[in-house]
Amino acid sequence: MDDQFPLTDHPLTTPAAPARPSARAWLADLRFWGTLVLVALCVIAVGAGLWATSRPSDLEMVATAATLSALIVGGAAFYLRGRARDRIEREQAVLFAQIASHDELTGLYNYRYLRERLRTDLTAARASRTPCSLVLLDLDNFTEVNERFGHLAGDRTLVAVGDAMRDAVGDRGIVARFGGDEFAVVLPGCTGERAEALAASLADAIAEASIHATPLNSHLRVHATWGIAQYPEHGDAGDTLIAHADSELHATKAGVLAVSARSAERHAQDVFFTIGEAMGASLDAQETLDNIVRAVTAALNLDTCAIRLAGDTGQVLVRSGYVADEHKRQAYREIESREPVTHDELVRTGMLSPSAIYIDDVRTSDRLAERYRALAEPGTWLLNVPVPGRREGILTLTARHTCTPPPPTELANAIARLVSGALRNCDVYEAARRQGEQLTRLAGVGALLFGDGDFEDRLGTLAAAIAPVFDVDSLTIDTIDPENAQPFRRNFYARPVAGASPESVAEAGRVWRNMRPQLTDPETARFLAAVTGPLIIEDASENTLVPESARQIARKTGTRTVAIVPIVWQGRLQGLAYFGSSRVRAFSDQDVALMASVAA
């Protein structure tokens with residue numbers, strides 16, 4: 001790269017060195033001088049041979065000439081080798097000086113050279129009684145470039161910013177990388193007013209260069225804050241000027257951050273207040289999510305807001321989504337009804353992630369399915385943030401750069417946490433309400449045991465009445481028959497579920513009712529010994545604690561989770577009740593406690 005000052009203008013400035021010592025140059029010299037020496041030797045050899053042929057008595061003189069020629073060749077080789085070594089050493093010295101004074105990434109001068117140059121310029125300024133200014137610049141939102149586009153994009157941005165600053169300063173001074181995302185400009189002969197104007201133009205050049213540095217970046221301009229120190233007003237030493245400019249820079253930056261923080265805080269408060277109103281409008285989970293996405297869409301001026309949660313089967317349930325544009329809303333509905341996004345698709349494309357995902361232009365990203373990308377307009381950004389909690393899910397915010405800038409990631413994460421909290425509150429309310437309804441429906445159910453008919457028939461009626469209350473797919477009750485004191489009387493109630501045909505369920509029920517388990521059976525006894533209280537078994541068809549016969553029934557009926565509660569009467573185990581479900585994690589602790597109270 002070209003230096004900003006010629007070598008004759010400043011004693012500390014070293015010319016730009018080539019990337020490596022020029023071996024071709026000294027090899028060319030070696031070939032040139034070597035050729036001359038060989039030609040001279042050939043001429044001497046031919047002349048000596050002819051002369052020796054004509055005068056055989058002078059052979060001693062010929063030998064002397066040959067010896068002299070060998071000495072000439074050796075001396076020439078020694079001279080050429082020394083000259084090549086000196087050239088390499090000079091070029092290496094220039095290269096090392098270049099490395100010692102320049103930043104490796106941006107090619108600007110480094111901090112070490114900055115201090116030396118500042119010391120020399122201040123000495124010249126004192127001698128000539130002229131001013132000298134120092135400008136320190138800090139990139140305010142550079143970390144956001146790294147977070148949204150990656151560190152390679154950040155490096156490209158730093159290089160582009162350095163080039164833009166060097167072009168803007170020109171021959172008025174030097175530009176150095178002060179460290180990280182901070183830069184310094186030394187301006188000999190420049191007053192503070194001129195330095196202030198130059199700093200403002202540098203900030204504009206930095207913002208423009210940052211856009212062009214990353215092709216996918218259509219909006220995120222890097223802003224700069226600066227501090228200025230001037231000789232002699234703020235000191236007469238380099239370290240003093242650096243300290244003053246740095247203090248001014250941080251004071252200005254603190255003010256900028258304070259204004260930004262107040263603005264973001266007010267924005268967050270407005271959004272949270274809107275979401276709070278939406279959450280308070282209903283205690284129904286689905287309705288609450290619908291209200292939240294509408295509130296977030298309106299508060300952030302979004303085009304689209306969606307919440308997707310993984311269901312018990314691993315499929316993604318589009319729990320709620322809102323599209324501001326009416327025509328696009330209908331298109332989204334058709335896509336969701338015809339080909340809804342799946343959990344596997346989100347994992348495969350990387351949209352389901354434990355951390356926030358930002359896409360600057362969804363039309364150029366293959367993370368979003370093509371059927372959704374086709375609906376996006378140019379310059380549409382997307383921000384995906386995970387919804388924490390028991391249910392794996394994501395919150396998706398979408399808008400166009402021309403209408404709404406992307407919200408800070410912290411704000412989006414806070415909204416996702418509110419979504420999770422709203423779900424938990426709704427779940428608690430739903431569980432309490434469901435229990436109230438269950439208790440109401442269970443009132444008087446026990447009277448079914450005291451009706452007419454066979455005890456086992458009455459037991460079957462009881463099972464059929466209890467199963468819908470708990471929304472289970474199957475219910476088995478094993479209990480002692482008080483009329484004839486048989487060890488166990490069993491009744492089995494089940495309804496067909498996905499993957500289980502009505503015929504297989506009926507056959508499983510017939511086999512299960514006729515098995516008549518005995519307490520003395522080793523496998524059953526081991527199983528019963530483990531049931532000292534309410535027990536939930538997930539994946540009952542594979543759990544080795546469950547007897548093999550029961551595992552076979554679970555496979556035939558599609559049962560995934562079983563809640564087992566002991567039936568205890570007068571301190572003795574009188575039987576067991578099995579509540580089966582085709583869903584994973586189907587029963588809450590409150591459900592099991594209520595089941596146990598019913599079984600007792």
# chains A, B, ... in the order shown; residues from 1 in each chain; ligands from 1
call {"tool": "residues_around", "arguments": {"residues": "Ala356 of chain A", "least_positions_apart": "3", "cutoff": "12 Å", "atoms": "only C-alpha atoms", "output": "ChimeraX atom specification"}}
result
/A:147-148,350-353,359,382-388,394-397,407-414,416
call {"tool": "atom_distance", "arguments": {"atom1": "atom CA of Leu576 of chain A", "atom2": "atom CA of Arg560 of chain A"}}
result
18.3 Å
call {"tool": "select_by_dssp", "arguments": {"residues": "segment 242-366 of chain A", "states": "helix (DSSP H, G or I)", "output": "PyMOL selection string"}}
result
chain A and resi 242-280+285-300+326-338+343-349+362-364
call {"tool": "closest_residue", "arguments": {"among": "A:Pro340, A:Gly580, A:Gly107, A:Pro468", "to": "Asp163 of chain A", "atoms": "only C-alpha atoms"}}
result
A:Gly107
call {"tool": "closest_residue", "arguments": {"among": "A:Arg194, A:Arg156, A:His234, A:Arg87", "to": "Pro215 of chain A", "atoms": "only C-alpha atoms"}}
result
A:Arg156
call {"tool": "closest_residue", "arguments": {"among": "A:His244, A:Gln438, A:Met279, A:Leu216", "to": "Ser365 of chain A", "atoms": "only C-alpha atoms"}}
result
A:Leu216
call {"tool": "select_by_dssp", "arguments": {"residues": "segment 100-213 of chain A", "states": "strand (DSSP E or B)", "output": "ChimeraX atom specification"}}
result
/A:102,109,132-139,174-179,182-188
call {"tool": "write_last_selection", "arguments": {"atoms": "N, CA, C and O atoms", "output": "short mmCIF file (atom, residue, chain, number, x, y, z; two decimals), in the first residue's frame"}}
result
data_model
loop_
_atom_site.label_atom_id
_atom_site.label_comp_id
_atom_site.auth_asym_id
_atom_site.auth_seq_id
_atom_site.Cartn_x
_atom_site.Cartn_y
_atom_site.Cartn_z
N HIS A 102 2.68 -1.35 10.89
CA HIS A 102 1.37 -1.42 10.25
C HIS A 102 0.50 -2.50 10.89
O HIS A 102 1.01 -3.52 11.36
N TYR A 109 -1.58 2.24 9.93
CA TYR A 109 -0.53 2.26 10.93
C TYR A 109 -1.07 1.70 12.26
O TYR A 109 -2.27 1.77 12.53
N CYS A 132 -1.52 21.08 16.26
CA CYS A 132 -1.54 19.65 15.88
C CYS A 132 -2.72 19.01 16.60
O CYS A 132 -2.90 19.21 17.81
N SER A 133 -3.55 18.26 15.85
CA SER A 133 -4.77 17.68 16.42
C SER A 133 -4.74 16.16 16.34
O SER A 133 -4.12 15.57 15.42
N LEU A 134 -5.42 15.56 17.30
CA LEU A 134 -5.57 14.10 17.35
C LEU A 134 -7.07 13.78 17.44
O LEU A 134 -7.78 14.35 18.27
N VAL A 135 -7.54 12.88 16.60
CA VAL A 135 -8.94 12.44 16.60
C VAL A 135 -8.98 10.95 16.89
O VAL A 135 -8.31 10.16 16.20
N LEU A 136 -9.73 10.54 17.91
CA LEU A 136 -9.99 9.13 18.19
C LEU A 136 -11.44 8.83 17.83
O LEU A 136 -12.35 9.56 18.22
N LEU A 137 -11.67 7.76 17.06
CA LEU A 137 -13.00 7.36 16.64
C LEU A 137 -13.29 5.94 17.10
O LEU A 137 -12.40 5.07 17.05
N ASP A 138 -14.52 5.71 17.55
CA ASP A 138 -14.96 4.38 18.00
C ASP A 138 -16.22 4.00 17.22
O ASP A 138 -17.13 4.83 17.06
N LEU A 139 -16.29 2.77 16.75
CA LEU A 139 -17.45 2.29 16.00
C LEU A 139 -18.52 1.83 17.00
O LEU A 139 -18.31 0.87 17.73
N ILE A 174 -2.21 11.11 9.09
CA ILE A 174 -2.12 9.65 9.01
C ILE A 174 -3.29 9.05 9.78
O ILE A 174 -3.85 9.66 10.70
N VAL A 175 -3.65 7.82 9.39
CA VAL A 175 -4.72 7.06 10.05
C VAL A 175 -4.10 5.82 10.65
O VAL A 175 -3.33 5.11 9.98
N ALA A 176 -4.44 5.52 11.90
CA ALA A 176 -3.91 4.34 12.58
C ALA A 176 -5.06 3.58 13.24
O ALA A 176 -6.09 4.18 13.60
N ARG A 177 -4.88 2.28 13.34
CA ARG A 177 -5.84 1.47 14.10
C ARG A 177 -5.41 1.50 15.56
O ARG A 177 -4.37 0.96 15.92
N PHE A 178 -6.23 2.13 16.38
CA PHE A 178 -5.89 2.34 17.78
C PHE A 178 -6.03 1.03 18.56
O PHE A 178 -5.33 0.80 19.53
N GLY A 179 -6.97 0.16 18.11
CA GLY A 179 -7.18 -1.13 18.77
C GLY A 179 -8.63 -1.56 18.61
O GLY A 179 -9.54 -0.76 18.82
N GLU A 182 -11.48 0.79 17.30
CA GLU A 182 -11.12 2.19 17.52
C GLU A 182 -10.01 2.60 16.56
O GLU A 182 -9.08 1.81 16.29
N PHE A 183 -10.08 3.83 16.06
CA PHE A 183 -9.11 4.35 15.10
C PHE A 183 -8.64 5.73 15.58
O PHE A 183 -9.33 6.40 16.36
N ALA A 184 -7.47 6.13 15.07
CA ALA A 184 -6.90 7.42 15.45
C ALA A 184 -6.40 8.12 14.19
O ALA A 184 -5.93 7.48 13.24
N VAL A 185 -6.52 9.45 14.20
CA VAL A 185 -6.04 10.27 13.08
C VAL A 185 -5.17 11.38 13.65
O VAL A 185 -5.60 12.13 14.54
N VAL A 186 -3.94 11.49 13.18
CA VAL A 186 -3.03 12.56 13.57
C VAL A 186 -3.03 13.60 12.45
O VAL A 186 -2.79 13.27 11.28
N LEU A 187 -3.31 14.86 12.80
CA LEU A 187 -3.45 15.93 11.82
C LEU A 187 -2.49 17.07 12.16
O LEU A 187 -2.84 18.00 12.90
N PRO A 188 -1.25 17.03 11.67
CA PRO A 188 -0.30 18.12 11.95
C PRO A 188 -0.75 19.40 11.25
O PRO A 188 -1.25 19.38 10.11
#
call {"tool": "residues_around", "arguments": {"residues": "Ala399 of chain A", "least_positions_apart": "5", "cutoff": "7 Å", "atoms": "only C-alpha atoms", "output": "PyMOL selection string"}}
result
chain A and resi 302-304+380-382+404
call {"tool": "write_last_selection", "arguments": {"atoms": "N, CA, C and O atoms", "output": "compact mmCIF listing (two decimals), in the first residue's frame"}}
result
# COMPACT_ATOMS: atom_id res chain seq x y z
N LEU A 302 -44.82 -4.63 12.56
CA LEU A 302 -44.32 -5.76 11.78
C LEU A 302 -45.26 -6.10 10.63
O LEU A 302 -46.44 -5.75 10.64
N ASP A 303 -44.70 -6.80 9.65
CA ASP A 303 -45.54 -7.37 8.60
C ASP A 303 -46.12 -8.70 9.05
O ASP A 303 -47.25 -9.04 8.70
N THR A 304 -45.32 -9.46 9.80
CA THR A 304 -45.73 -10.80 10.22
C THR A 304 -45.18 -11.10 11.60
O THR A 304 -44.04 -10.72 11.91
N THR A 380 -36.84 -7.68 3.03
CA THR A 380 -37.59 -8.16 4.19
C THR A 380 -36.65 -8.90 5.13
O THR A 380 -36.03 -9.88 4.73
N TRP A 381 -36.54 -8.41 6.35
CA TRP A 381 -35.71 -9.07 7.35
C TRP A 381 -36.55 -10.02 8.20
O TRP A 381 -37.78 -9.91 8.24
N LEU A 382 -35.86 -10.93 8.88
CA LEU A 382 -36.53 -11.91 9.74
C LEU A 382 -35.67 -12.12 10.97
O LEU A 382 -34.45 -12.24 10.88
N THR A 404 -39.70 -0.83 8.95
CA THR A 404 -39.38 -1.04 10.36
C THR A 404 -37.98 -1.62 10.50
O THR A 404 -37.68 -2.64 9.86
call {"tool": "closest_residue", "arguments": {"among": "A:Thr559, A:Ser337, A:Thr342, A:Ser597", "to": "Ser582 of chain A", "atoms": "only C-alpha atoms"}}
result
A:Thr559
call {"tool": "atom_distance", "arguments": {"atom1": "atom CA of Asn146 of chain A", "atom2": "atom CA of Arg371 of chain A"}}
result
29.3 Å
call {"tool": "atom_distance", "arguments": {"atom1": "atom CA of Thr364 of chain A", "atom2": "atom CA of Val323 of chain A"}}
result
20.8 Å
call {"tool": "closest_residue", "arguments": {"among": "A:Ala254, A:Ala464, A:Val316, A:Ala506", "to": "Glu339 of chain A", "atoms": "only C-alpha atoms"}}
result
A:Val316
